[in-house]
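Novice: To be precise about what I am sending: the file is called input-v2.txt and holds compact mmCIF, C-alpha atoms.
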```
# COMPACT_ATOMS: atom_id res chain seq x y z
CA MET A 107 18.03 111.74 69.39
CA ALA A 108 19.78 110.92 66.17
CA VAL A 109 19.23 113.38 63.38
CA LEU A 110 15.92 113.03 61.56
CA GLU A 111 16.10 112.39 57.82
CA ILE A 112 12.96 112.90 55.75
CA SER A 113 13.14 111.77 52.12
CA ASN A 114 11.19 112.55 48.98
CA VAL A 115 10.16 116.11 49.86
CA GLY A 116 11.56 119.41 48.63
CA VAL A 117 10.84 123.13 48.74
CA SER A 118 9.37 124.61 45.53
CA GLY A 119 8.83 128.19 46.57
CA ILE A 120 8.76 130.79 49.35
CA SER A 121 6.79 134.04 49.64
CA GLY A 122 6.26 136.63 52.32
CA ALA A 123 4.18 139.63 53.31
CA VAL A 124 4.76 142.40 55.87
CA PRO A 125 2.67 145.37 56.98
CA LYS A 126 3.52 148.53 55.05
CA ARG A 127 3.91 150.69 58.17
CA VAL A 128 7.56 151.06 59.20
CA TYR A 129 8.87 152.00 62.63
CA ASN A 130 12.38 153.42 62.80
CA ASN A 131 14.23 152.72 66.05
CA LEU A 132 15.85 156.16 65.77
CA ASP A 133 12.40 157.49 66.75
CA TYR A 134 12.19 155.37 69.92
CA ASP A 135 12.18 158.22 72.42
CA TRP A 136 11.44 156.09 75.50
CA ILE A 137 15.24 155.85 75.79
CA SER A 138 17.95 158.50 75.35
CA GLU A 139 19.50 159.23 71.97
CA LYS A 140 22.76 157.68 73.11
CA ASP A 141 21.01 154.50 74.23
CA ARG A 142 19.11 154.38 70.95
CA LYS A 143 22.36 154.47 68.99
CA MET A 144 23.88 151.74 71.12
CA LEU A 145 20.70 149.69 70.78
CA ILE A 146 20.72 149.94 66.98
CA LYS A 147 24.44 149.14 66.79
CA THR A 148 24.19 146.18 69.16
CA THR A 149 20.96 144.63 67.94
CA GLY A 150 21.49 145.58 64.29
CA ILE A 151 17.82 146.54 64.10
CA MET A 152 17.01 149.86 62.43
CA THR A 153 13.52 149.51 60.99
CA ARG A 154 10.66 147.12 61.59
CA HIS A 155 7.29 146.60 59.92
CA ILE A 156 4.39 147.01 62.31
CA ALA A 157 0.87 145.67 61.80
CA PRO A 158 -2.07 147.98 62.52
CA LEU A 159 -4.54 146.77 65.14
CA GLY A 160 -6.78 144.11 63.61
CA MET A 161 -4.31 142.85 61.00
CA THR A 162 -3.46 139.25 61.77
CA THR A 163 -0.72 136.79 60.94
CA GLY A 164 -3.39 134.90 58.99
CA ASP A 165 -3.98 138.01 56.85
CA LEU A 166 -0.27 138.33 56.02
CA CYS A 167 0.04 134.62 55.27
CA THR A 168 -3.05 134.72 53.03
CA VAL A 169 -1.57 137.42 50.80
CA ALA A 170 1.79 135.63 50.68
CA THR A 171 0.12 132.30 49.85
CA GLU A 172 -2.14 133.66 47.08
CA LYS A 173 0.92 135.17 45.42
CA LEU A 174 2.98 131.99 45.63
CA ILE A 175 0.22 129.70 44.38
CA LYS A 176 -0.20 132.03 41.39
CA GLU A 177 3.51 132.14 40.63
CA LEU A 178 3.82 128.37 40.94
CA GLN A 179 0.70 127.99 38.77
CA TRP A 180 -0.72 125.47 41.20
CA ASP A 181 -4.34 124.42 40.99
CA LYS A 182 -5.75 125.15 44.47
CA ASP A 183 -7.44 121.74 44.49
CA SER A 184 -4.00 120.14 44.27
CA VAL A 185 -3.01 121.35 47.76
CA ASP A 186 -3.28 118.37 50.11
CA LEU A 187 -1.99 119.89 53.32
CA LEU A 188 -1.76 123.25 55.12
CA VAL A 189 0.23 123.78 58.32
CA PHE A 190 0.10 127.16 60.09
CA VAL A 191 2.93 127.88 62.55
CA SER A 192 2.51 130.92 64.80
CA GLN A 193 2.26 132.18 68.35
CA SER A 194 -0.17 134.92 67.35
CA ARG A 195 -3.21 133.13 65.98
CA ASP A 196 -6.35 134.89 64.76
CA TYR A 197 -8.56 133.56 67.59
CA MET A 198 -8.10 131.60 70.80
CA LEU A 199 -10.04 129.00 68.86
CA PRO A 200 -10.66 127.68 66.20
CA ALA A 201 -7.30 126.94 64.62
CA THR A 202 -6.25 129.63 62.13
CA ALA A 203 -5.32 126.90 59.61
CA CYS A 204 -9.03 126.01 59.27
CA ILE A 205 -9.94 129.63 58.56
CA LEU A 206 -7.12 129.87 56.02
CA GLN A 207 -8.21 126.69 54.20
CA ASP A 208 -11.55 128.39 53.51
CA LYS A 209 -10.17 131.88 52.87
CA LEU A 210 -7.66 130.54 50.36
CA GLY A 211 -10.31 128.45 48.61
CA LEU A 212 -8.51 125.18 49.21
CA SER A 213 -10.22 121.82 48.88
CA LYS A 214 -12.14 120.23 51.77
CA ASN A 215 -9.77 117.31 51.31
CA CYS A 216 -6.91 119.56 52.49
CA LEU A 217 -5.63 118.52 55.90
CA SER A 218 -5.10 121.71 57.97
CA PHE A 219 -3.86 122.43 61.49
CA ASP A 220 -1.92 124.89 63.68
CA VAL A 221 1.43 124.49 65.40
CA ASN A 222 2.30 126.76 68.35
CA MET A 223 6.01 127.52 67.97
CA GLY A 224 8.03 130.74 67.68
CA CYS A 225 11.69 131.33 66.87
CA SER A 226 12.31 127.68 66.01
CA GLY A 227 8.89 127.38 64.31
CA TYR A 228 10.04 127.47 60.71
CA VAL A 229 12.45 124.58 61.16
CA TYR A 230 9.97 122.61 63.26
CA GLY A 231 7.22 123.37 60.73
CA LEU A 232 9.35 122.05 57.88
CA SER A 233 9.92 118.81 59.81
CA ILE A 234 6.18 118.31 60.45
CA ILE A 235 4.98 119.04 56.94
CA SER A 236 7.73 117.09 55.19
CA GLY A 237 7.22 114.17 57.59
CA LEU A 238 3.56 113.99 56.58
CA MET A 239 4.40 114.23 52.87
CA SER A 240 7.28 111.77 52.77
CA SER A 241 5.15 108.68 52.07
CA GLY A 242 3.82 110.23 48.86
CA SER A 243 0.13 110.16 49.80
CA LEU A 244 0.16 113.96 50.11
CA LYS A 245 1.87 115.53 47.10
CA ARG A 246 1.62 119.27 47.72
CA GLY A 247 1.79 121.14 51.01
CA LEU A 248 1.78 124.74 52.22
CA LEU A 249 3.67 125.77 55.33
CA LEU A 250 2.40 129.14 56.55
CA VAL A 251 4.66 130.68 59.16
CA GLY A 252 4.62 134.07 60.80
CA ASP A 253 3.89 136.26 63.75
CA ILE A 254 2.51 139.60 64.77
CA SER A 255 4.69 140.16 67.82
CA THR A 256 4.61 143.95 68.01
CA ILE A 257 1.10 144.05 69.47
CA SER A 258 2.32 142.08 72.49
CA THR A 259 5.23 144.35 73.40
CA SER A 260 5.10 147.33 75.74
CA TYR A 261 6.39 150.64 74.35
CA LYS A 262 7.89 151.23 77.80
CA ASP A 263 9.92 148.01 77.70
CA LYS A 264 13.26 148.75 76.08
CA SER A 265 14.24 145.07 76.26
CA ALA A 266 11.43 143.98 73.90
CA PHE A 267 9.78 146.88 72.05
CA PRO A 268 12.63 147.79 69.65
CA ILE A 269 13.35 144.18 68.71
CA PHE A 270 10.31 142.79 66.94
CA GLY A 271 8.78 143.18 63.50
CA ASP A 272 5.72 141.51 61.97
CA GLY A 273 5.61 139.19 58.99
CA GLY A 274 3.82 136.23 57.41
CA THR A 275 5.25 133.73 54.95
CA CYS A 276 4.31 130.76 52.82
CA THR A 277 6.59 127.89 51.83
CA ALA A 278 5.40 125.47 49.17
CA LEU A 279 6.63 121.88 49.38
CA GLU A 280 6.21 119.00 46.95
CA TYR A 281 6.75 115.30 46.88
CA LYS A 282 10.02 114.95 44.99
CA LYS A 283 11.77 111.60 44.68
CA ASP A 284 15.33 112.91 44.66
CA GLU A 285 15.21 115.39 47.57
CA LYS A 286 15.45 115.18 51.33
CA LEU A 287 15.60 117.30 54.46
CA VAL A 288 17.74 116.40 57.47
CA PHE A 289 16.90 117.82 60.89
CA ASN A 290 18.38 118.15 64.36
CA LEU A 291 15.60 119.30 66.70
CA GLN A 292 15.96 120.00 70.44
CA THR A 293 14.05 121.35 73.45
CA ASP A 294 14.76 122.62 76.97
CA GLY A 295 11.50 123.57 78.65
CA SER A 296 13.32 124.43 81.89
CA GLY A 297 13.92 127.79 80.22
CA HIS A 298 10.26 128.41 79.36
CA GLU A 299 10.14 131.63 81.36
CA ALA A 300 12.94 133.26 79.36
CA ILE A 301 10.44 134.51 76.77
CA ILE A 302 6.89 134.46 78.03
CA ILE A 303 3.50 136.18 77.99
CA ARG A 304 2.30 135.26 81.48
CA ASP A 305 -1.43 136.00 81.27
CA GLY A 306 -4.00 135.09 78.64
CA GLY A 307 -3.60 131.31 78.52
CA PHE A 308 -5.33 128.89 80.84
CA ARG A 309 -2.69 128.91 83.61
CA ASN A 310 -3.38 132.60 84.24
CA TYR A 311 -6.60 133.48 82.49
CA LEU A 312 -6.95 137.17 81.51
CA ASN A 313 -8.17 139.29 84.42
CA LYS A 314 -8.20 142.98 85.28
CA SER A 315 -4.69 142.96 86.72
CA SER A 316 -3.35 141.41 83.50
CA PHE A 317 -3.32 144.93 82.04
CA ASP A 318 -1.69 146.75 84.97
CA ALA A 319 1.71 148.12 83.99
CA VAL A 320 4.48 147.27 86.46
CA LYS A 321 7.94 148.83 86.53
CA TYR A 322 10.61 146.11 86.80
CA GLU A 323 13.69 148.24 86.30
CA GLU A 324 14.71 151.49 84.66
CA GLY A 325 13.25 151.55 81.15
CA ILE A 326 11.28 148.35 81.62
CA GLU A 327 7.54 148.64 82.31
CA ARG A 328 4.97 146.17 81.09
CA SER A 329 1.86 144.25 82.09
CA ARG A 330 1.42 140.50 82.46
CA SER A 331 -0.43 140.36 79.14
CA GLN A 332 2.65 141.66 77.36
CA LEU A 333 5.77 139.88 76.19
CA GLU A 334 8.59 139.47 78.68
CA LEU A 335 12.09 138.72 77.43
CA ASN A 336 15.09 137.82 79.57
CA GLY A 337 17.88 138.99 77.29
CA LEU A 338 20.75 137.54 79.30
CA GLU A 339 19.19 134.10 79.57
CA ILE A 340 18.36 133.98 75.84
CA PHE A 341 21.85 135.15 75.03
CA ASN A 342 23.49 132.44 77.11
CA PHE A 343 21.15 129.78 75.76
CA SER A 344 21.83 130.75 72.15
CA LEU A 345 25.59 130.82 72.59
CA THR A 346 25.60 127.50 74.41
CA GLU A 347 23.20 125.41 72.31
CA VAL A 348 23.14 126.54 68.68
CA LYS A 349 26.72 125.70 67.74
CA PRO A 350 26.70 122.06 68.94
CA ASN A 351 23.28 121.53 67.36
CA ILE A 352 24.57 122.64 63.96
CA LEU A 353 27.89 120.80 64.26
CA LYS A 354 26.06 117.55 64.99
CA LEU A 355 23.86 117.98 61.94
CA LEU A 356 26.89 118.67 59.76
CA GLU A 357 28.76 115.72 61.20
CA LYS A 358 25.90 113.25 60.82
CA THR A 359 25.27 114.31 57.24
CA GLU A 360 29.00 114.29 56.48
CA THR A 361 28.77 117.88 55.33
CA ALA A 362 31.64 120.35 55.56
CA ILE A 363 31.02 124.03 56.22
CA GLU A 364 32.43 124.67 52.73
CA ASP A 365 29.69 122.46 51.23
CA VAL A 366 26.96 124.74 52.58
CA SER A 367 26.07 127.71 50.38
CA TYR A 368 24.31 129.71 53.13
CA PHE A 369 23.59 129.49 56.83
CA VAL A 370 20.30 131.25 57.49
CA PHE A 371 19.75 131.92 61.18
CA HIS A 372 16.66 133.03 63.04
CA GLN A 373 17.14 136.79 63.28
CA ALA A 374 17.36 137.17 67.07
CA ASN A 375 19.63 140.18 67.22
CA ARG A 376 23.00 141.02 65.74
CA LEU A 377 25.00 140.46 68.93
CA ILE A 378 23.65 136.92 69.35
CA ASN A 379 23.83 136.01 65.67
CA GLU A 380 27.33 137.37 65.16
CA SER A 381 28.54 135.53 68.25
CA ILE A 382 27.16 132.28 66.83
CA ARG A 383 28.67 132.99 63.42
CA LYS A 384 32.09 133.62 64.96
CA LYS A 385 31.88 130.51 67.16
CA LEU A 386 31.20 128.42 64.06
CA LYS A 387 33.92 130.30 62.14
CA LEU A 388 31.54 131.02 59.27
CA PRO A 389 32.51 133.60 56.66
CA GLU A 390 30.33 136.73 56.69
CA GLU A 391 29.16 136.24 53.10
CA LYS A 392 27.55 132.92 54.00
CA VAL A 393 25.42 134.38 56.80
CA PRO A 394 22.76 136.80 55.54
CA TYR A 395 20.93 139.31 57.76
CA SER A 396 17.50 140.87 57.32
CA LEU A 397 17.51 142.25 60.88
CA GLY A 398 18.35 145.79 59.83
CA LYS A 399 15.22 146.15 57.69
CA TYR A 400 12.71 143.80 59.34
CA GLY A 401 13.88 143.27 62.93
CA ASN A 402 13.21 139.96 64.67
CA THR A 403 10.14 138.60 62.87
CA SER A 404 9.91 135.57 65.18
CA SER A 405 8.98 132.39 63.29
CA ALA A 406 9.00 134.26 59.95
CA SER A 407 12.58 135.47 60.25
CA ILE A 408 14.27 132.62 58.33
CA PRO A 409 12.02 132.76 55.23
CA ILE A 410 11.99 136.59 55.37
CA THR A 411 15.80 136.55 55.34
CA ILE A 412 15.88 134.16 52.37
CA LEU A 413 13.43 136.41 50.50
CA SER A 414 15.14 139.64 51.45
CA GLU A 415 18.77 138.60 51.03
CA LEU A 416 19.02 135.44 48.90
CA ARG A 417 16.33 135.77 46.24
CA ASP A 418 18.87 136.10 43.43
CA LYS A 419 20.67 132.98 44.64
CA VAL A 420 17.91 130.50 45.46
CA THR A 421 15.90 131.29 42.33
CA GLN A 422 18.88 130.39 40.12
CA GLY A 423 21.09 127.37 40.39
CA LYS A 424 21.82 124.89 43.13
CA ASN A 425 22.14 125.81 46.79
CA THR A 426 22.65 123.73 49.91
CA VAL A 427 21.30 125.72 52.82
CA LEU A 428 21.39 125.20 56.55
CA LEU A 429 18.57 126.87 58.47
CA SER A 430 18.69 127.29 62.23
CA GLY A 431 15.95 128.56 64.53
CA PHE A 432 16.34 129.08 68.28
CA GLY A 433 14.49 130.82 71.10
CA VAL A 434 11.13 130.76 72.87
CA GLY A 435 10.37 127.40 74.49
CA LEU A 436 13.26 127.04 74.82
CA SER A 437 13.29 125.28 71.49
CA TRP A 438 15.89 125.05 68.78
CA GLY A 439 16.67 123.13 65.65
CA SER A 440 18.47 123.13 62.35
CA VAL A 441 17.80 121.62 58.95
CA LEU A 442 19.95 120.95 55.93
CA LEU A 443 18.20 121.03 52.56
CA ASN A 444 18.56 122.02 48.94
CA MET A 445 17.02 125.13 47.45
CA ASP A 446 17.51 124.77 43.72
CA ASN A 447 15.75 127.17 41.37
CA ILE A 448 12.85 127.76 43.73
CA VAL A 449 10.14 130.34 43.10
CA CYS A 450 10.47 133.47 45.28
CA PRO A 451 8.30 136.48 44.57
CA GLU A 452 9.35 139.76 46.20
CA ILE A 453 8.13 140.44 49.75
CA ILE A 454 4.71 142.13 49.55
CA GLU A 455 3.87 145.16 51.71
CA ILE A 456 0.28 145.42 52.86
CA GLU A 457 -1.62 148.62 53.81
CA MET B 42 47.25 135.65 78.39
CA LYS B 43 47.48 139.31 79.24
CA ILE B 44 45.01 141.72 80.75
CA GLU B 45 46.19 144.44 78.35
CA ARG B 46 44.59 142.53 75.50
CA LEU B 47 41.23 142.43 77.29
CA ILE B 48 41.47 146.16 77.98
CA GLU B 49 42.29 146.84 74.34
CA LYS B 50 39.33 144.78 73.20
CA LEU B 51 36.99 146.56 75.60
CA GLU B 52 38.26 149.93 74.41
CA ASN B 53 37.62 148.94 70.80
CA GLU B 54 34.14 147.74 71.65
CA PHE B 55 33.07 150.85 73.50
CA GLU B 56 34.23 153.55 71.12
CA ASP B 57 32.93 156.37 73.31
CA LEU B 58 35.36 155.48 76.08
CA GLU B 59 38.27 157.82 76.54
CA LYS B 60 41.50 156.03 75.63
CA GLY B 61 43.50 155.20 78.73
CA LEU B 62 40.46 155.34 81.00
CA LEU B 63 40.33 151.60 81.35
CA ASN B 64 42.79 149.95 83.70
CA PRO B 65 42.65 146.74 85.73
CA ASN B 66 41.03 148.50 88.68
CA PHE B 67 38.39 150.27 86.61
CA ASN B 68 34.85 149.41 87.67
CA PHE B 69 33.26 148.61 84.34
CA ARG B 70 29.80 149.56 85.55
CA GLU B 71 31.06 153.14 85.68
CA ILE B 72 31.04 153.20 81.89
CA GLU B 73 28.76 156.13 81.09
CA ASP B 74 25.07 155.16 80.82
CA TRP B 75 25.86 151.58 81.80
CA SER B 76 22.98 149.26 80.93
CA SER B 77 22.25 145.57 80.65
CA MET B 78 23.17 145.84 76.98
CA HIS B 79 26.74 146.74 77.95
CA ALA B 80 26.79 143.56 80.01
CA LEU B 81 25.72 141.51 76.98
CA VAL B 82 28.34 143.16 74.81
CA ILE B 83 31.04 142.29 77.36
CA ILE B 84 29.85 138.69 77.63
CA ALA B 85 29.83 138.38 73.81
CA LEU B 86 33.32 139.85 73.57
CA ILE B 87 34.74 137.48 76.17
CA ASP B 88 33.02 134.54 74.50
CA SER B 89 34.41 135.29 71.06
CA GLU B 90 37.91 136.20 72.33
CA TYR B 91 38.43 133.50 74.93
CA ASP B 92 35.68 130.96 74.21
CA VAL B 93 34.50 131.47 77.78
CA LEU B 94 30.80 132.05 78.33
CA LEU B 95 30.06 134.02 81.49
CA ASN B 96 26.51 133.96 82.84
CA GLY B 97 24.55 136.63 84.65
CA GLY B 98 25.69 135.38 88.04
CA ASP B 99 29.34 135.46 86.99
CA LEU B 100 29.02 139.05 85.87
CA LYS B 101 27.25 140.08 89.08
CA GLY B 102 30.24 138.78 90.98
CA ALA B 103 32.66 140.99 89.07
CA GLU B 104 33.29 144.69 89.56
CA THR B 105 36.56 145.55 87.90
CA VAL B 106 38.28 144.65 84.68
CA GLN B 107 40.72 142.62 86.80
CA ASP B 108 37.78 140.63 88.22
CA LEU B 109 36.65 139.83 84.68
CA PHE B 110 40.14 138.78 83.70
CA ASP B 111 40.52 136.55 86.77
CA MET B 112 37.17 134.95 86.02
CA ILE B 113 38.23 134.15 82.47
CA GLN B 114 41.51 132.62 83.67
CA LYS B 115 39.71 130.55 86.29
CA LYS B 116 37.26 129.19 83.71
CA LEU B 117 40.07 128.38 81.33
CA SER B 118 42.15 126.52 83.89
```
Could the structure of this file be written out as structure tokens, please?
Specialist:
Amino acid sequence: MAVLEISNVGVSGISGAVPKRVYNNLDYDWISEKDRKMLIKTTGIMTRHIAPLGMTTGDLCTVATEKLIKELQWDKDSVDLLVFVSQSRDYMLPATACILQDKLGLSKNCLSFDVNMGCSGYVYGLSIISGLMSSGSLKRGLLLVGDISTISTSYKDKSAFPIFGDGGTCTALEYKKDEKLVFNLQTDGSGHEAIIIRDGGFRNYLNKSSFDAVKYEEGIERSRSQLELNGLEIFNFSLTEVKPNILKLLEKTETAIEDVSYFVFHQANRLINESIRKKLKLPEEKVPYSLGKYGNTSSASIPITILSELRDKVTQGKNTVLLSGFGVGLSWGSVLLNMDNIVCPEIIEIE
Amino acid sequence: MKIERLIEKLENEFEDLEKGLLNPNFNFREIEDWSSMHALVIIALIDSEYDVLLNGGDLKGAETVQDLFDMIQKKLS
């Protein structure tokens, strides 16, 4: 596919919320102290915010959204569209977006729906919401993106447990005549087993054995209702696909690396992200990391990184940013857009 | 292209390794507390140094540092 250009839409603000509870990977005593140190050095993940049982992605997104609407001084009735992107919805059904429309006190005229995407979800979500707004019929939209991944990981699975953190975000978009977003979106479903929760959907409905822990190798025990992650496959996928995806977007938009203020990557882990950065020959100062403080927050990781590392920059002056999400699906994509003087309240921590 | 450079890079990457321990015949899985994460670190190192991406199967087929080096050369040729 050629790159997808969507005109007349721009980002006005971003907000985020995380659970207050912090888990430090130095305390992860399922593995030896030496392994812990290597894990922290290699993944770059020291602390992560963990949601208590019962707290949902919808809850985090609600707090983030209320804050942003207030800061933007938007009338709630002016919101025409709400898109919720997550792989950890509040219920099997109905769609969380419908619950959020009511909880947030948005108008009944607000079009609301869910999108089931993970690591690439922020970039895909931006393409969906801006595509719907481009004609000008819908003037204001909210993109709510986040995940509670920690509940799905097994403490006894060293390949997944220390990686993930929880977070919910809100991105406000508006119809703006002079702005555009340009996307390069891709998919390879042949790798769908690389990150998977096998039981709980309709292929393998939850049953008693879904909760039986199975030992797969040393340090890796989990049940079929918990998240499985094939590190080597994800690593190879990321190093093979992300660079050409970004280079094509830059080429088609006639953008040089020097023209881009920041490259914000999905926070997979430091080894993967640094390998991608080096392959693209990007200077360190253009590639921010929030991994150390928040871990891999799945679909929320790009906006969380902007909020955590670039608040001073995107709230003042002009910035051309390239965002790139990649992972579960397998699905990946990048977008080039402007973030000029946008509204970014500090990340909120929730009890 | 020299194997010494690969050995030097591996030594830098795994700081705990005794200097001089690595040689072409060293079985890299004998690195203390070898884990799948070591494998990823080696793959990342080879990718950034040589622009050669080894996969899981490639790595399974290698035992020694010399095997790794030969594999890189083969992929580059």
Novice: With only C-alpha atoms as the atoms that count, which of B:Glu71, B:Glu90, B:Glu52, B:Asp108 lies nearest to chain A?
Specialist: B:Glu90
Novice: Restricting the calculation to only C-alpha atoms: of A:Val366, A:Ile340, A:Leu110, A:Ala278, which residue gets closest to chain B?
Specialist: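 Nearest candidate to chain B out of A:Val366, A:Ile340, A:Leu110, A:Ala278: A:Ile340.
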Novice: Extract, using only C-alpha atoms, all DNA, RNA and protein residues at most 6 Å from segment 300-302 of chain A, discarding same-chain residues fewer than 3 positions from it, and format them as a list in words.
Specialist: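 Skipping anything fewer than 3 positions along the chain leaves Gly297, Leu333, Glu334, Leu335, Asn336 and Val434 of chain A.
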Novice: Mind writing the picked residues with C-alpha atoms as a PDB file, in the coordinates of the input?
Specialist:
```
ATOM      1  CA  GLY A 297      13.920 127.790  80.220  1.00  0.00           C
ATOM      2  CA  LEU A 333       5.770 139.880  76.190  1.00  0.00           C
ATOM      3  CA  GLU A 334       8.590 139.470  78.680  1.00  0.00           C
ATOM      4  CA  LEU A 335      12.090 138.720  77.430  1.00  0.00           C
ATOM      5  CA  ASN A 336      15.090 137.820  79.570  1.00  0.00           C
ATOM      6  CA  VAL A 434      11.130 130.760  72.870  1.00  0.00           C
TER       7      VAL A 434
END
```
Novice: I'd like the contact shell of Leu166 of chain A - 10 Å cut-off, only C-alpha atoms, skipping same-chain residues fewer than 2 positions apart - returned as a short mmCIF file (atom, residue, chain, number, x, y, z; two decimals) with C-alpha atoms, in the frame of the given file.
Specialist:
```
data_model
loop_
_atom_site.label_atom_id
_atom_site.label_comp_id
_atom_site.auth_asym_id
_atom_site.auth_seq_id
_atom_site.Cartn_x
_atom_site.Cartn_y
_atom_site.Cartn_z
CA GLY A 122 6.26 136.63 52.32
CA ALA A 123 4.18 139.63 53.31
CA VAL A 124 4.76 142.40 55.87
CA PRO A 125 2.67 145.37 56.98
CA ALA A 157 0.87 145.67 61.80
CA MET A 161 -4.31 142.85 61.00
CA THR A 162 -3.46 139.25 61.77
CA THR A 163 -0.72 136.79 60.94
CA GLY A 164 -3.39 134.90 58.99
CA THR A 168 -3.05 134.72 53.03
CA VAL A 169 -1.57 137.42 50.80
CA ALA A 170 1.79 135.63 50.68
CA THR A 171 0.12 132.30 49.85
CA LEU A 250 2.40 129.14 56.55
CA VAL A 251 4.66 130.68 59.16
CA GLY A 252 4.62 134.07 60.80
CA ASP A 253 3.89 136.26 63.75
CA ILE A 254 2.51 139.60 64.77
CA ASP A 272 5.72 141.51 61.97
CA GLY A 273 5.61 139.19 58.99
CA GLY A 274 3.82 136.23 57.41
CA THR A 275 5.25 133.73 54.95
CA CYS A 276 4.31 130.76 52.82
CA ILE A 454 4.71 142.13 49.55
CA GLU A 455 3.87 145.16 51.71
CA ILE A 456 0.28 145.42 52.86
#
```
Novice: Tell me which of B:Ile72, B:Leu63, B:Leu94, B:Ile113 sits closest to chain A, counting all atoms listed in the file.
Specialist: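 Smallest separation from chain A among the options: B:Leu94.
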Novice: Show me which bits of chain A are within 12 Å of chain B, counting only C-alpha atoms, as a ChimeraX atom specification.
Specialist: /A:137-149,264-265,323-326,336-347,375-387
Novice: Is it possible to get the residues within 12 Å of (3.6, 128.4, 51.2) (coordinates as in the file, counting all atoms listed in the file) written as a CSV table (one decimal) with C-alpha atoms, in the frame of the given file?
Specialist:
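Result written to selection.csv:
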```csv
chain,number,residue,atom,x,y,z
A,117,VAL,CA,10.8,123.1,48.7
A,118,SER,CA,9.4,124.6,45.5
A,119,GLY,CA,8.8,128.2,46.6
A,120,ILE,CA,8.8,130.8,49.4
A,121,SER,CA,6.8,134.0,49.6
A,122,GLY,CA,6.3,136.6,52.3
A,123,ALA,CA,4.2,139.6,53.3
A,166,LEU,CA,-0.3,138.3,56.0
A,167,CYS,CA,0.0,134.6,55.3
A,168,THR,CA,-3.0,134.7,53.0
A,169,VAL,CA,-1.6,137.4,50.8
A,170,ALA,CA,1.8,135.6,50.7
A,171,THR,CA,0.1,132.3,49.8
A,172,GLU,CA,-2.1,133.7,47.1
A,173,LYS,CA,0.9,135.2,45.4
A,174,LEU,CA,3.0,132.0,45.6
A,175,ILE,CA,0.2,129.7,44.4
A,176,LYS,CA,-0.2,132.0,41.4
A,177,GLU,CA,3.5,132.1,40.6
A,178,LEU,CA,3.8,128.4,40.9
A,180,TRP,CA,-0.7,125.5,41.2
A,182,LYS,CA,-5.8,125.2,44.5
A,185,VAL,CA,-3.0,121.4,47.8
A,187,LEU,CA,-2.0,119.9,53.3
A,188,LEU,CA,-1.8,123.2,55.1
A,189,VAL,CA,0.2,123.8,58.3
A,190,PHE,CA,0.1,127.2,60.1
A,191,VAL,CA,2.9,127.9,62.6
A,206,LEU,CA,-7.1,129.9,56.0
A,210,LEU,CA,-7.7,130.5,50.4
A,228,TYR,CA,10.0,127.5,60.7
A,231,GLY,CA,7.2,123.4,60.7
A,232,LEU,CA,9.4,122.0,57.9
A,235,ILE,CA,5.0,119.0,56.9
A,246,ARG,CA,1.6,119.3,47.7
A,247,GLY,CA,1.8,121.1,51.0
A,248,LEU,CA,1.8,124.7,52.2
A,249,LEU,CA,3.7,125.8,55.3
A,250,LEU,CA,2.4,129.1,56.6
A,251,VAL,CA,4.7,130.7,59.2
A,252,GLY,CA,4.6,134.1,60.8
A,274,GLY,CA,3.8,136.2,57.4
A,275,THR,CA,5.2,133.7,55.0
A,276,CYS,CA,4.3,130.8,52.8
A,277,THR,CA,6.6,127.9,51.8
A,278,ALA,CA,5.4,125.5,49.2
A,279,LEU,CA,6.6,121.9,49.4
A,280,GLU,CA,6.2,119.0,47.0
A,406,ALA,CA,9.0,134.3,60.0
A,409,PRO,CA,12.0,132.8,55.2
A,448,ILE,CA,12.8,127.8,43.7
A,449,VAL,CA,10.1,130.3,43.1
A,450,CYS,CA,10.5,133.5,45.3
A,451,PRO,CA,8.3,136.5,44.6
```
Novice: I want to know what sits within 10 Å of segment 47-49 of chain B, based on all atoms listed in the file, with residues of the same chain fewer than 5 positions away left out; could you give that as a PyMOL selection string?
Specialist: chain B and resi 42+54+60-65+86-87+90-91+106-107+109-110
Novice: What is the atom CA of Ala108 of chain A-atom CA of Glu360 of chain A distance in Å, reported with one decimal?
Specialist: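 According to the coordinates, atom CA of Ala108 of chain A and atom CA of Glu360 of chain A are separated by 13.8 Å.
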Novice: Can segment 60-65 of chain B be brought up to N, CA and C atoms and written out as a PDB file, in the frame of the given file?
Specialist:
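Contents of selection.pdb, freshly written:
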```pdb
ATOM      1  N   LYS B  60      40.346 156.951  75.632  1.00  0.00           N
ATOM      2  CA  LYS B  60      41.500 156.030  75.630  1.00  0.00           C
ATOM      3  C   LYS B  60      42.302 156.209  76.919  1.00  0.00           C
ATOM      4  N   GLY B  61      42.701 155.113  77.511  1.00  0.00           N
ATOM      5  CA  GLY B  61      43.500 155.200  78.730  1.00  0.00           C
ATOM      6  C   GLY B  61      42.648 155.194  79.997  1.00  0.00           C
ATOM      7  N   LEU B  62      41.337 155.328  79.825  1.00  0.00           N
ATOM      8  CA  LEU B  62      40.460 155.340  81.000  1.00  0.00           C
ATOM      9  C   LEU B  62      40.402 153.954  81.655  1.00  0.00           C
ATOM     10  N   LEU B  63      40.423 152.960  80.812  1.00  0.00           N
ATOM     11  CA  LEU B  63      40.330 151.600  81.350  1.00  0.00           C
ATOM     12  C   LEU B  63      41.673 151.145  81.925  1.00  0.00           C
ATOM     13  N   ASN B  64      41.618 150.610  83.113  1.00  0.00           N
ATOM     14  CA  ASN B  64      42.790 149.950  83.700  1.00  0.00           C
ATOM     15  C   ASN B  64      42.269 148.790  84.531  1.00  0.00           C
ATOM     16  N   PRO B  65      43.154 147.934  85.018  1.00  0.00           N
ATOM     17  CA  PRO B  65      42.650 146.740  85.730  1.00  0.00           C
ATOM     18  C   PRO B  65      41.700 147.055  86.872  1.00  0.00           C
TER      19      PRO B  65
END
```
